[in-house]
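Trainee: Provided herewith: work08.pdb, PDB, C-alpha atoms.
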```pdb
ATOM      1  CA  MET S1348      -4.997  12.210   5.523  1.00  0.00           C
ATOM      2  CA  ASN S1349      -4.257   9.624   8.209  1.00  0.00           C
ATOM      3  CA  LEU S1350      -5.973   6.330   7.332  1.00  0.00           C
ATOM      4  CA  LYS S1351      -5.058   4.327  10.429  1.00  0.00           C
ATOM      5  CA  LYS S1352      -7.913   5.721  12.571  1.00  0.00           C
ATOM      6  CA  TRP S1353     -10.626   4.839  10.083  1.00  0.00           C
ATOM      7  CA  MET S1354      -9.359   1.514   8.822  1.00  0.00           C
ATOM      8  CA  VAL S1355     -10.789  -0.665  11.614  1.00  0.00           C
ATOM      9  CA  TYR S1356     -14.292   0.794  11.259  1.00  0.00           C
ATOM     10  CA  VAL S1357     -14.237   0.515   7.495  1.00  0.00           C
ATOM     11  CA  ILE S1358     -13.082  -3.111   7.653  1.00  0.00           C
ATOM     12  CA  ILE S1359     -15.788  -4.120  10.161  1.00  0.00           C
ATOM     13  CA  ILE S1360     -18.660  -2.355   8.396  1.00  0.00           C
ATOM     14  CA  PHE S1361     -17.534  -3.356   4.917  1.00  0.00           C
ATOM     15  CA  GLY S1362     -17.007  -6.937   6.085  1.00  0.00           C
ATOM     16  CA  LEU S1363     -20.532  -7.205   7.463  1.00  0.00           C
ATOM     17  CA  ILE S1364     -22.035  -5.808   4.274  1.00  0.00           C
ATOM     18  CA  SER S1365     -19.885  -8.110   2.095  1.00  0.00           C
ATOM     19  CA  ILE S1366     -20.741 -11.237   4.043  1.00  0.00           C
ATOM     20  CA  SER S1367     -24.443 -10.320   4.069  1.00  0.00           C
ATOM     21  CA  PHE S1368     -24.529 -10.012   0.287  1.00  0.00           C
ATOM     22  CA  TYR S1369     -22.540 -13.191  -0.198  1.00  0.00           C
ATOM     23  CA  ILE S1370     -24.822 -15.224   2.129  1.00  0.00           C
ATOM     24  CA  SER S1371     -27.865 -13.670   0.466  1.00  0.00           C
ATOM     25  CA  SER S1372     -26.651 -14.981  -2.877  1.00  0.00           C
ATOM     26  CA  PHE S1373     -27.096 -18.538  -1.555  1.00  0.00           C
ATOM     27  CA  ILE S1374     -30.533 -17.836  -0.077  1.00  0.00           C
ATOM     28  CA  ILE S1375     -31.844 -15.869  -3.054  1.00  0.00           C
ATOM     29  CA  ASP S1376     -30.771 -17.560  -6.257  1.00  0.00           C
ATOM     30  CA  ASN S1377     -29.942 -14.348  -8.086  1.00  0.00           C
ATOM     31  CA  ASN S1378     -26.881 -13.799 -10.294  1.00  0.00           C
ATOM     32  CA  THR S1379     -26.834 -10.059  -9.610  1.00  0.00           C
ATOM     33  CA  ILE S1380     -26.708 -10.572  -5.843  1.00  0.00           C
ATOM     34  CA  GLU S1381     -23.998 -13.209  -6.317  1.00  0.00           C
ATOM     35  CA  PHE S1382     -22.014 -10.814  -8.533  1.00  0.00           C
ATOM     36  CA  ILE S1383     -22.325  -8.034  -5.939  1.00  0.00           C
ATOM     37  CA  GLY S1384     -21.468 -10.438  -3.105  1.00  0.00           C
ATOM     38  CA  ILE S1385     -18.325 -11.725  -4.810  1.00  0.00           C
ATOM     39  CA  THR S1386     -17.282  -8.189  -5.770  1.00  0.00           C
ATOM     40  CA  LEU S1387     -17.718  -6.989  -2.196  1.00  0.00           C
ATOM     41  CA  LEU S1388     -15.825  -9.976  -0.755  1.00  0.00           C
ATOM     42  CA  VAL S1389     -12.886  -9.513  -3.115  1.00  0.00           C
ATOM     43  CA  THR S1390     -12.830  -5.810  -2.328  1.00  0.00           C
ATOM     44  CA  TYR S1391     -13.031  -6.698   1.366  1.00  0.00           C
ATOM     45  CA  TYR S1392     -10.006  -8.980   0.948  1.00  0.00           C
ATOM     46  CA  HIS S1393      -8.058  -6.153  -0.677  1.00  0.00           C
ATOM     47  CA  SER S1394      -9.116  -3.805   2.152  1.00  0.00           C
ATOM     48  CA  CYS S1395      -8.156  -6.207   4.954  1.00  0.00           C
ATOM     49  CA  ILE S1396      -4.864  -7.418   3.575  1.00  0.00           C
ATOM     50  CA  ARG S1397      -3.383  -3.919   3.578  1.00  0.00           C
ATOM     51  CA  PRO S1398      -3.435  -3.141   7.305  1.00  0.00           C
ATOM     52  CA  LEU S1399      -2.641  -6.768   8.150  1.00  0.00           C
ATOM     53  CA  THR S1400       0.433  -6.793   5.932  1.00  0.00           C
ATOM     54  CA  GLY S1401       1.573  -3.460   7.331  1.00  0.00           C
ATOM     55  CA  SER S1402       1.077  -4.675  10.910  1.00  0.00           C
ATOM     56  CA  PHE S1403       3.013  -7.909  10.341  1.00  0.00           C
ATOM     57  CA  ILE S1404       5.907  -6.102   8.680  1.00  0.00           C
ATOM     58  CA  ASN S1405       5.909  -3.507  11.473  1.00  0.00           C
ATOM     59  CA  LEU S1406       6.045  -6.278  14.102  1.00  0.00           C
ATOM     60  CA  LYS S1407       9.104  -7.710  12.379  1.00  0.00           C
ATOM     61  CA  TYR S1408      11.023  -4.551  11.496  1.00  0.00           C
ATOM     62  CA  HIS S1409       9.629  -1.713  13.671  1.00  0.00           C
ATOM     63  CA  ASN S1410      10.616   0.817  10.988  1.00  0.00           C
ATOM     64  CA  ASN S1411      14.223  -0.204  11.459  1.00  0.00           C
ATOM     65  CA  ILE S1412      15.277  -1.210   7.965  1.00  0.00           C
ATOM     66  CA  ASN S1413      18.663  -0.291   6.576  1.00  0.00           C
ATOM     67  CA  TYR S1414      17.847   2.317   3.943  1.00  0.00           C
ATOM     68  CA  GLN S1415      21.339   1.851   2.452  1.00  0.00           C
ATOM     69  CA  LEU S1416      20.587  -1.692   1.237  1.00  0.00           C
ATOM     70  CA  LYS S1417      20.942  -2.144  -2.512  1.00  0.00           C
ATOM     71  CA  TRP S1418      17.211  -2.890  -2.948  1.00  0.00           C
ATOM     72  CA  PHE S1419      16.339   0.610  -1.750  1.00  0.00           C
ATOM     73  CA  GLN S1420      18.908   2.502  -3.805  1.00  0.00           C
ATOM     74  CA  SER S1421      17.608   4.799  -6.479  1.00  0.00           C
ATOM     75  CA  HIS S1422      18.520   4.070 -10.084  1.00  0.00           C
ATOM     76  CA  PRO S1423      19.305   6.853 -12.589  1.00  0.00           C
ATOM     77  CA  PHE S1424      16.402   5.898 -14.874  1.00  0.00           C
ATOM     78  CA  GLU S1425      13.897   6.280 -12.031  1.00  0.00           C
ATOM     79  CA  GLN S1426      14.212  10.055 -11.807  1.00  0.00           C
ATOM     80  CA  LYS S1427      13.402  10.371 -15.502  1.00  0.00           C
ATOM     81  CA  ILE S1428      10.278   8.251 -15.022  1.00  0.00           C
ATOM     82  CA  TYR S1429       9.210  10.329 -12.005  1.00  0.00           C
ATOM     83  CA  GLN S1430       9.609  13.526 -14.007  1.00  0.00           C
ATOM     84  CA  LEU S1431       7.618  12.025 -16.866  1.00  0.00           C
ATOM     85  CA  LEU S1432       4.863  10.980 -14.427  1.00  0.00           C
ATOM     86  CA  ASN S1433       5.010  14.409 -12.741  1.00  0.00           C
ATOM     87  CA  VAL S1434       5.154  12.731  -9.294  1.00  0.00           C
ATOM     88  CA  LYS S1435       6.088  15.962  -7.519  1.00  0.00           C
ATOM     89  CA  LYS S1436       2.694  17.500  -8.306  1.00  0.00           C
ATOM     90  CA  TRP S1437       0.358  14.643  -7.294  1.00  0.00           C
ATOM     91  CA  LYS S1438       2.221  12.861  -4.480  1.00  0.00           C
ATOM     92  CA  LYS S1439       0.777  15.234  -1.867  1.00  0.00           C
ATOM     93  CA  LEU S1440      -2.740  14.059  -2.722  1.00  0.00           C
ATOM     94  CA  LEU S1441      -2.119  10.520  -1.472  1.00  0.00           C
ATOM     95  CA  PRO S1442      -3.264   9.526   2.013  1.00  0.00           C
ATOM     96  CA  THR S1443      -0.759   8.193   4.538  1.00  0.00           C
ATOM     97  CA  TYR S1444      -1.644   5.197   6.692  1.00  0.00           C
ATOM     98  CA  ASP S1445       0.250   6.517   9.729  1.00  0.00           C
ATOM     99  CA  LYS S1446       1.782   9.975   9.427  1.00  0.00           C
ATOM    100  CA  SER S1447       3.664   9.577  12.711  1.00  0.00           C
ATOM    101  CA  PHE S1448       6.255   7.394  10.925  1.00  0.00           C
ATOM    102  CA  PHE S1449       7.192  10.313   8.684  1.00  0.00           C
ATOM    103  CA  ASP S1450       6.909  13.180  11.182  1.00  0.00           C
ATOM    104  CA  ILE S1451      10.122  15.209  11.113  1.00  0.00           C
ATOM    105  CA  LYS S1452       9.390  16.623  14.588  1.00  0.00           C
ATOM    106  CA  ASN S1453       9.363  13.198  16.293  1.00  0.00           C
ATOM    107  CA  ASN S1454      11.743  11.186  14.075  1.00  0.00           C
ATOM    108  CA  THR S1455      15.270  11.573  12.836  1.00  0.00           C
ATOM    109  CA  LEU S1456      15.904  11.685   9.110  1.00  0.00           C
ATOM    110  CA  GLU S1457      17.379   8.190   9.383  1.00  0.00           C
ATOM    111  CA  GLN S1458      14.190   6.907  11.044  1.00  0.00           C
ATOM    112  CA  ILE S1459      12.090   8.494   8.314  1.00  0.00           C
ATOM    113  CA  ALA S1460      14.251   6.891   5.602  1.00  0.00           C
ATOM    114  CA  SER S1461      13.860   3.517   7.364  1.00  0.00           C
ATOM    115  CA  SER S1462      10.094   4.036   7.572  1.00  0.00           C
ATOM    116  CA  MET S1463      10.041   4.760   3.858  1.00  0.00           C
ATOM    117  CA  CYS S1464      11.848   1.483   3.198  1.00  0.00           C
ATOM    118  CA  GLN S1465       9.377  -0.381   5.364  1.00  0.00           C
ATOM    119  CA  ALA S1466       6.461   1.284   3.584  1.00  0.00           C
ATOM    120  CA  GLU S1467       7.963   0.282   0.249  1.00  0.00           C
ATOM    121  CA  ILE S1468       8.276  -3.343   1.378  1.00  0.00           C
ATOM    122  CA  VAL S1469       4.670  -3.338   2.586  1.00  0.00           C
ATOM    123  CA  HIS S1470       3.422  -1.991  -0.749  1.00  0.00           C
ATOM    124  CA  GLU S1471       5.546  -4.464  -2.695  1.00  0.00           C
ATOM    125  CA  LEU S1472       4.073  -7.333  -0.678  1.00  0.00           C
ATOM    126  CA  MET S1473       0.563  -5.955  -1.148  1.00  0.00           C
ATOM    127  CA  PHE S1474       1.260  -5.796  -4.888  1.00  0.00           C
ATOM    128  CA  LEU S1475       1.917  -9.546  -4.825  1.00  0.00           C
ATOM    129  CA  GLU S1476      -1.067 -10.207  -2.525  1.00  0.00           C
ATOM    130  CA  ALA S1477      -3.311  -8.321  -4.942  1.00  0.00           C
ATOM    131  CA  LEU S1478      -2.649 -11.061  -7.493  1.00  0.00           C
ATOM    132  CA  LEU S1479      -3.999 -13.878  -5.275  1.00  0.00           C
ATOM    133  CA  PRO S1480      -7.716 -13.322  -6.019  1.00  0.00           C
ATOM    134  CA  LEU S1481      -7.011 -14.122  -9.672  1.00  0.00           C
ATOM    135  CA  PHE S1482      -6.808 -17.774  -8.591  1.00  0.00           C
ATOM    136  CA  LEU S1483     -10.477 -17.553  -7.559  1.00  0.00           C
ATOM    137  CA  ILE S1484     -11.544 -17.158 -11.173  1.00  0.00           C
ATOM    138  CA  ILE S1485     -11.419 -20.937 -11.567  1.00  0.00           C
ATOM    139  CA  PRO S1486     -13.823 -21.900  -8.746  1.00  0.00           C
ATOM    140  CA  TYR S1487     -16.090 -18.824  -8.926  1.00  0.00           C
ATOM    141  CA  GLY S1488     -15.998 -17.769 -12.534  1.00  0.00           C
ATOM    142  CA  GLN S1489     -16.775 -14.060 -12.808  1.00  0.00           C
ATOM    143  CA  PRO S1490     -13.297 -13.187 -14.156  1.00  0.00           C
ATOM    144  CA  ILE S1491     -14.206  -9.536 -14.659  1.00  0.00           C
ATOM    145  CA  ILE S1492     -14.565  -9.007 -10.879  1.00  0.00           C
ATOM    146  CA  PHE S1493     -11.201 -10.512 -10.071  1.00  0.00           C
ATOM    147  CA  ILE S1494      -9.367  -8.869 -12.959  1.00  0.00           C
ATOM    148  CA  ILE S1495     -10.739  -5.361 -12.335  1.00  0.00           C
ATOM    149  CA  THR S1496     -10.216  -5.398  -8.553  1.00  0.00           C
ATOM    150  CA  THR S1497      -6.707  -6.809  -8.982  1.00  0.00           C
ATOM    151  CA  PHE S1498      -5.852  -4.243 -11.642  1.00  0.00           C
ATOM    152  CA  ILE S1499      -7.053  -1.363  -9.441  1.00  0.00           C
ATOM    153  CA  CYS S1500      -5.003  -2.649  -6.491  1.00  0.00           C
ATOM    154  CA  LEU S1501      -1.906  -3.094  -8.642  1.00  0.00           C
ATOM    155  CA  ILE S1502      -2.198   0.503  -9.815  1.00  0.00           C
ATOM    156  CA  ILE S1503      -2.627   1.755  -6.221  1.00  0.00           C
ATOM    157  CA  GLU S1504       0.370  -0.229  -4.967  1.00  0.00           C
ATOM    158  CA  THR S1505       2.526   0.894  -7.875  1.00  0.00           C
ATOM    159  CA  ILE S1506       1.665   4.521  -7.127  1.00  0.00           C
ATOM    160  CA  CYS S1507       2.560   4.058  -3.440  1.00  0.00           C
ATOM    161  CA  ILE S1508       5.877   2.375  -4.317  1.00  0.00           C
ATOM    162  CA  ILE S1509       6.696   5.181  -6.734  1.00  0.00           C
ATOM    163  CA  VAL S1510       6.078   7.820  -4.062  1.00  0.00           C
ATOM    164  CA  GLN S1511       8.320   6.032  -1.531  1.00  0.00           C
ATOM    165  CA  ARG S1512      11.079   5.644  -4.111  1.00  0.00           C
ATOM    166  CA  TYR S1513      10.636   9.270  -5.224  1.00  0.00           C
ATOM    167  CA  ASN S1514      10.847  10.734  -1.714  1.00  0.00           C
ATOM    168  CA  ARG S1515      13.571   8.575  -0.178  1.00  0.00           C
ATOM    169  CA  PRO S1516      16.545   9.939  -2.208  1.00  0.00           C
ATOM    170  CA  ARG S1517      15.596  13.427  -1.052  1.00  0.00           C
ATOM    171  CA  VAL S1518      15.619  12.358   2.587  1.00  0.00           C
ATOM    172  CA  ILE S1519      18.925  10.515   2.103  1.00  0.00           C
ATOM    173  CA  HIS S1520      20.367  13.651   0.507  1.00  0.00           C
ATOM    174  CA  LEU S1521      19.377  15.609   3.646  1.00  0.00           C
ATOM    175  CA  ILE S1522      20.976  12.901   5.817  1.00  0.00           C
ATOM    176  CA  ASN S1523      24.195  13.183   3.820  1.00  0.00           C
ATOM    177  CA  LEU S1524      24.156  16.978   4.107  1.00  0.00           C
ATOM    178  CA  LYS S1525      23.608  16.753   7.853  1.00  0.00           C
ATOM    179  CA  ASN S1526      26.421  14.222   8.246  1.00  0.00           C
ATOM    180  CA  LYS S1527      28.730  16.344   6.101  1.00  0.00           C
ATOM    181  CA  ASN S1528      28.029  19.392   8.285  1.00  0.00           C
ATOM    182  CA  ILE S1529      28.658  17.412  11.457  1.00  0.00           C
ATOM    183  CA  ILE S1530      32.009  16.148  10.172  1.00  0.00           C
ATOM    184  CA  SER S1531      33.109  19.602   8.890  1.00  0.00           C
TER
END
```
Just give me the structure of the file as structure tokens.

Mentor:
Amino acid sequence: MNLKKWMVYVIIIFGLISISFYISSFIIDNNTIEFIGITLLVTYYHSCIRPLTGSFINLKYHNNINYQLKWFQSHPFEQKIYQLLNVKKWKKLLPTYDKSFFDIKNNTLEQIASSMCQAEIVHELMFLEALLPLFLIIPYGQPIIFIITTFICLIIETICIIVQRYNRPRVIHLINLKNKNIIS
């Protein structure tokens, strides 16, 4: 599933609904409406920050990150974790924000590996950004809203990071095979 097409519409519609509920909570002094309004606004934040983070990172790197950097290297323990989590079976179920970055017909293997590194960076940043709403517990109260939405986002980002780190060694292996065949 390609999310990029739908993201703008979802953000606009969801934003209008969120703001409406939040403003209504000031007009109608009702704790339920306030709870819903805050929940929607925090969820809206989590929805908006994703494409914005991806766009900013793409402006800086343009999917041109050195996939051989130490940060992106796979560690032996990771493969054991991926097997334990059975990543191979469920990774196909995840949506992709922009499939064109990973299209083997229009990109080289090196470009795909670089795109995977960029996607990993984006998800790592979004992991950190997901923690920011926790600071709103102090002024707004309602800790359950902030804790649950943050927890859900942390799980989503962790899953996305795992998939990038699971797939990249396979692409790098293909790159090495291709380079070996060219040299031979």

Trainee: Which centre and which edge lengths, in Å to one decimal, describe the axis-aligned box that holds all listed atoms of segment 1503-1509 of chain S after 5 Å is added on each side, as lines of an AutoDock Vina configuration file?

Mentor:
```
center_x = 2.0
center_y = 2.5
center_z = -5.7
size_x = 19.3
size_y = 15.4
size_z = 14.4
```

Trainee: Give me, as a Markdown table, each residue of segment 1456-1521 of chain S that comes within 9 Å of segment 1431-1444 of chain S, together with its shortest interatomic pair and the distance in Å at one decimal, counting all atoms listed in the file, with rows ordered by chain and rising residue number.

Mentor:
```
| residue | atom | partner | partner_atom | distance |
| --- | --- | --- | --- | --- |
| S:Ile1506 | CA | S:Lys1438 | CA | 8.8 |
| S:Cys1507 | CA | S:Leu1441 | CA | 8.2 |
| S:Ile1509 | CA | S:Val1434 | CA | 8.1 |
| S:Val1510 | CA | S:Lys1438 | CA | 6.4 |
| S:Tyr1513 | CA | S:Val1434 | CA | 7.7 |
```

Trainee: What does the PyMOL selection byres ((chain S and resi 1370) around 12) select in this file, as a list in words?

Mentor: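 Here the PyMOL selection byres ((chain S and resi 1370) around 12) matches Leu1363, Ile1364, Ser1365, Ile1366, Ser1367, Phe1368, Tyr1369, Ser1371, Ser1372, Phe1373, Ile1374, Ile1375, Asp1376, Asn1377, Ile1380, Glu1381, Phe1382, Ile1383, Gly1384, Ile1385, Leu1387 and Leu1388 of chain S.
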
Trainee: Would you output that residue set with C-alpha atoms, as a PDB file, in the coordinates of the input?

Mentor:
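Dumped to result_4.pdb:
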```pdb
ATOM      1  CA  LEU S1363     -20.532  -7.205   7.463  1.00  0.00           C
ATOM      2  CA  ILE S1364     -22.035  -5.808   4.274  1.00  0.00           C
ATOM      3  CA  SER S1365     -19.885  -8.110   2.095  1.00  0.00           C
ATOM      4  CA  ILE S1366     -20.741 -11.237   4.043  1.00  0.00           C
ATOM      5  CA  SER S1367     -24.443 -10.320   4.069  1.00  0.00           C
ATOM      6  CA  PHE S1368     -24.529 -10.012   0.287  1.00  0.00           C
ATOM      7  CA  TYR S1369     -22.540 -13.191  -0.198  1.00  0.00           C
ATOM      8  CA  SER S1371     -27.865 -13.670   0.466  1.00  0.00           C
ATOM      9  CA  SER S1372     -26.651 -14.981  -2.877  1.00  0.00           C
ATOM     10  CA  PHE S1373     -27.096 -18.538  -1.555  1.00  0.00           C
ATOM     11  CA  ILE S1374     -30.533 -17.836  -0.077  1.00  0.00           C
ATOM     12  CA  ILE S1375     -31.844 -15.869  -3.054  1.00  0.00           C
ATOM     13  CA  ASP S1376     -30.771 -17.560  -6.257  1.00  0.00           C
ATOM     14  CA  ASN S1377     -29.942 -14.348  -8.086  1.00  0.00           C
ATOM     15  CA  ILE S1380     -26.708 -10.572  -5.843  1.00  0.00           C
ATOM     16  CA  GLU S1381     -23.998 -13.209  -6.317  1.00  0.00           C
ATOM     17  CA  PHE S1382     -22.014 -10.814  -8.533  1.00  0.00           C
ATOM     18  CA  ILE S1383     -22.325  -8.034  -5.939  1.00  0.00           C
ATOM     19  CA  GLY S1384     -21.468 -10.438  -3.105  1.00  0.00           C
ATOM     20  CA  ILE S1385     -18.325 -11.725  -4.810  1.00  0.00           C
ATOM     21  CA  LEU S1387     -17.718  -6.989  -2.196  1.00  0.00           C
ATOM     22  CA  LEU S1388     -15.825  -9.976  -0.755  1.00  0.00           C
TER      23      LEU S1388
END
```

Trainee: On this structure, which residues satisfy the PyMOL selection byres ((chain S and resi 1511) around 12), written as a ChimeraX atom specification?

Mentor: /S:1414,1419-1421,1425,1429,1434-1435,1438-1439,1441,1443,1449,1459-1471,1504-1510,1512-1518

Trainee: Go ahead and write the residues just picked, C-alpha atoms, as a PDB file, keeping the file's coordinate frame.

Mentor:
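Contents of result03.pdb, as written:
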```
ATOM      1  CA  TYR S1414      17.847   2.317   3.943  1.00  0.00           C
ATOM      2  CA  PHE S1419      16.339   0.610  -1.750  1.00  0.00           C
ATOM      3  CA  GLN S1420      18.908   2.502  -3.805  1.00  0.00           C
ATOM      4  CA  SER S1421      17.608   4.799  -6.479  1.00  0.00           C
ATOM      5  CA  GLU S1425      13.897   6.280 -12.031  1.00  0.00           C
ATOM      6  CA  TYR S1429       9.210  10.329 -12.005  1.00  0.00           C
ATOM      7  CA  VAL S1434       5.154  12.731  -9.294  1.00  0.00           C
ATOM      8  CA  LYS S1435       6.088  15.962  -7.519  1.00  0.00           C
ATOM      9  CA  LYS S1438       2.221  12.861  -4.480  1.00  0.00           C
ATOM     10  CA  LYS S1439       0.777  15.234  -1.867  1.00  0.00           C
ATOM     11  CA  LEU S1441      -2.119  10.520  -1.472  1.00  0.00           C
ATOM     12  CA  THR S1443      -0.759   8.193   4.538  1.00  0.00           C
ATOM     13  CA  PHE S1449       7.192  10.313   8.684  1.00  0.00           C
ATOM     14  CA  ILE S1459      12.090   8.494   8.314  1.00  0.00           C
ATOM     15  CA  ALA S1460      14.251   6.891   5.602  1.00  0.00           C
ATOM     16  CA  SER S1461      13.860   3.517   7.364  1.00  0.00           C
ATOM     17  CA  SER S1462      10.094   4.036   7.572  1.00  0.00           C
ATOM     18  CA  MET S1463      10.041   4.760   3.858  1.00  0.00           C
ATOM     19  CA  CYS S1464      11.848   1.483   3.198  1.00  0.00           C
ATOM     20  CA  GLN S1465       9.377  -0.381   5.364  1.00  0.00           C
ATOM     21  CA  ALA S1466       6.461   1.284   3.584  1.00  0.00           C
ATOM     22  CA  GLU S1467       7.963   0.282   0.249  1.00  0.00           C
ATOM     23  CA  ILE S1468       8.276  -3.343   1.378  1.00  0.00           C
ATOM     24  CA  VAL S1469       4.670  -3.338   2.586  1.00  0.00           C
ATOM     25  CA  HIS S1470       3.422  -1.991  -0.749  1.00  0.00           C
ATOM     26  CA  GLU S1471       5.546  -4.464  -2.695  1.00  0.00           C
ATOM     27  CA  GLU S1504       0.370  -0.229  -4.967  1.00  0.00           C
ATOM     28  CA  THR S1505       2.526   0.894  -7.875  1.00  0.00           C
ATOM     29  CA  ILE S1506       1.665   4.521  -7.127  1.00  0.00           C
ATOM     30  CA  CYS S1507       2.560   4.058  -3.440  1.00  0.00           C
ATOM     31  CA  ILE S1508       5.877   2.375  -4.317  1.00  0.00           C
ATOM     32  CA  ILE S1509       6.696   5.181  -6.734  1.00  0.00           C
ATOM     33  CA  VAL S1510       6.078   7.820  -4.062  1.00  0.00           C
ATOM     34  CA  ARG S1512      11.079   5.644  -4.111  1.00  0.00           C
ATOM     35  CA  TYR S1513      10.636   9.270  -5.224  1.00  0.00           C
ATOM     36  CA  ASN S1514      10.847  10.734  -1.714  1.00  0.00           C
ATOM     37  CA  ARG S1515      13.571   8.575  -0.178  1.00  0.00           C
ATOM     38  CA  PRO S1516      16.545   9.939  -2.208  1.00  0.00           C
ATOM     39  CA  ARG S1517      15.596  13.427  -1.052  1.00  0.00           C
ATOM     40  CA  VAL S1518      15.619  12.358   2.587  1.00  0.00           C
TER      41      VAL S1518
END
```

Trainee: Name the residues that the PyMOL selection byres ((chain S and resi 1392-1398) around 8) pulls out of this structure, and write them as a list in words.

Mentor: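 After applying the PyMOL selection byres ((chain S and resi 1392-1398) around 8), what remains is Met1354, Ile1358, Leu1388, Val1389, Thr1390, Tyr1391, Leu1399, Thr1400, Gly1401, Ser1402, Met1473, Glu1476, Ala1477 and Cys1500 of chain S.
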
Trainee: So how far away is atom CA of Phe1448 of chain S from atom CA of Asn1410 of chain S, in Å?

Mentor: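 Computing it gives 7.9 Å between the two atoms.
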
Trainee: Of the residues S:Val1355, S:Leu1416, S:Ile1491, S:Leu1501, which is the one nearest to Leu1479 of chain S, using only C-alpha atoms?

Mentor: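 Among the listed residues, S:Leu1501 lies closest to Leu1479 of chain S.
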
Trainee: Measuring between all atoms listed in the file, which one of S:Ile1484, S:Ile1519, S:Phe1474, S:Gln1415 shows the shortest distance to Ile1503 of chain S?

Mentor: S:Phe1474

Trainee: Quick check, in Å to one decimal: how far apart do atom CA of His1422 of chain S and atom CA of Glu1457 of chain S lie?

Mentor: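 These two atoms are separated by 19.9 Å.
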
Trainee: Work out how far atom CA of Leu1472 of chain S is from atom CA of Lys1407 of chain S, in Å to one decimal.

Mentor: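 Interatomic distance, atom CA of Lys1407 of chain S to atom CA of Leu1472 of chain S: 14.0 Å.
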
Trainee: Generate a file for segment 1514-1526 of chain S, containing N, CA and C atoms, as a PDB file, in the first residue's frame.

Mentor:
```pdb
ATOM      1  N   ASN S1514      15.612  -6.030   6.059  1.00  0.00           N
ATOM      2  CA  ASN S1514      15.719  -6.112   4.600  1.00  0.00           C
ATOM      3  C   ASN S1514      17.081  -5.672   4.058  1.00  0.00           C
ATOM      4  N   ARG S1515      17.671  -4.672   4.667  1.00  0.00           N
ATOM      5  CA  ARG S1515      18.893  -4.085   4.103  1.00  0.00           C
ATOM      6  C   ARG S1515      20.033  -5.085   3.914  1.00  0.00           C
ATOM      7  N   PRO S1516      20.344  -5.966   4.868  1.00  0.00           N
ATOM      8  CA  PRO S1516      21.435  -6.927   4.642  1.00  0.00           C
ATOM      9  C   PRO S1516      21.197  -7.814   3.418  1.00  0.00           C
ATOM     10  N   ARG S1517      19.955  -8.085   3.117  1.00  0.00           N
ATOM     11  CA  ARG S1517      19.643  -8.898   1.938  1.00  0.00           C
ATOM     12  C   ARG S1517      19.951  -8.129   0.649  1.00  0.00           C
ATOM     13  N   VAL S1518      19.628  -6.851   0.654  1.00  0.00           N
ATOM     14  CA  VAL S1518      19.929  -6.019  -0.516  1.00  0.00           C
ATOM     15  C   VAL S1518      21.442  -5.856  -0.653  1.00  0.00           C
ATOM     16  N   ILE S1519      22.127  -5.642   0.448  1.00  0.00           N
ATOM     17  CA  ILE S1519      23.591  -5.489   0.416  1.00  0.00           C
ATOM     18  C   ILE S1519      24.241  -6.790  -0.061  1.00  0.00           C
ATOM     19  N   HIS S1520      23.694  -7.911   0.338  1.00  0.00           N
ATOM     20  CA  HIS S1520      24.206  -9.200  -0.144  1.00  0.00           C
ATOM     21  C   HIS S1520      24.072  -9.284  -1.672  1.00  0.00           C
ATOM     22  N   LEU S1521      22.942  -8.834  -2.210  1.00  0.00           N
ATOM     23  CA  LEU S1521      22.755  -8.828  -3.669  1.00  0.00           C
ATOM     24  C   LEU S1521      23.744  -7.872  -4.346  1.00  0.00           C
ATOM     25  N   ILE S1522      24.000  -6.727  -3.709  1.00  0.00           N
ATOM     26  CA  ILE S1522      24.977  -5.773  -4.241  1.00  0.00           C
ATOM     27  C   ILE S1522      26.353  -6.431  -4.298  1.00  0.00           C
ATOM     28  N   ASN S1523      26.721  -7.113  -3.232  1.00  0.00           N
ATOM     29  CA  ASN S1523      28.026  -7.776  -3.182  1.00  0.00           C
ATOM     30  C   ASN S1523      28.128  -8.881  -4.225  1.00  0.00           C
ATOM     31  N   LEU S1524      27.048  -9.630  -4.414  1.00  0.00           N
ATOM     32  CA  LEU S1524      27.040 -10.664  -5.455  1.00  0.00           C
ATOM     33  C   LEU S1524      27.200 -10.054  -6.838  1.00  0.00           C
ATOM     34  N   LYS S1525      26.475  -8.963  -7.078  1.00  0.00           N
ATOM     35  CA  LYS S1525      26.562  -8.288  -8.373  1.00  0.00           C
ATOM     36  C   LYS S1525      27.976  -7.779  -8.609  1.00  0.00           C
ATOM     37  N   ASN S1526      28.561  -7.140  -7.599  1.00  0.00           N
ATOM     38  CA  ASN S1526      29.917  -6.615  -7.731  1.00  0.00           C
ATOM     39  C   ASN S1526      30.938  -7.716  -7.925  1.00  0.00           C
TER      40      ASN S1526
END
```
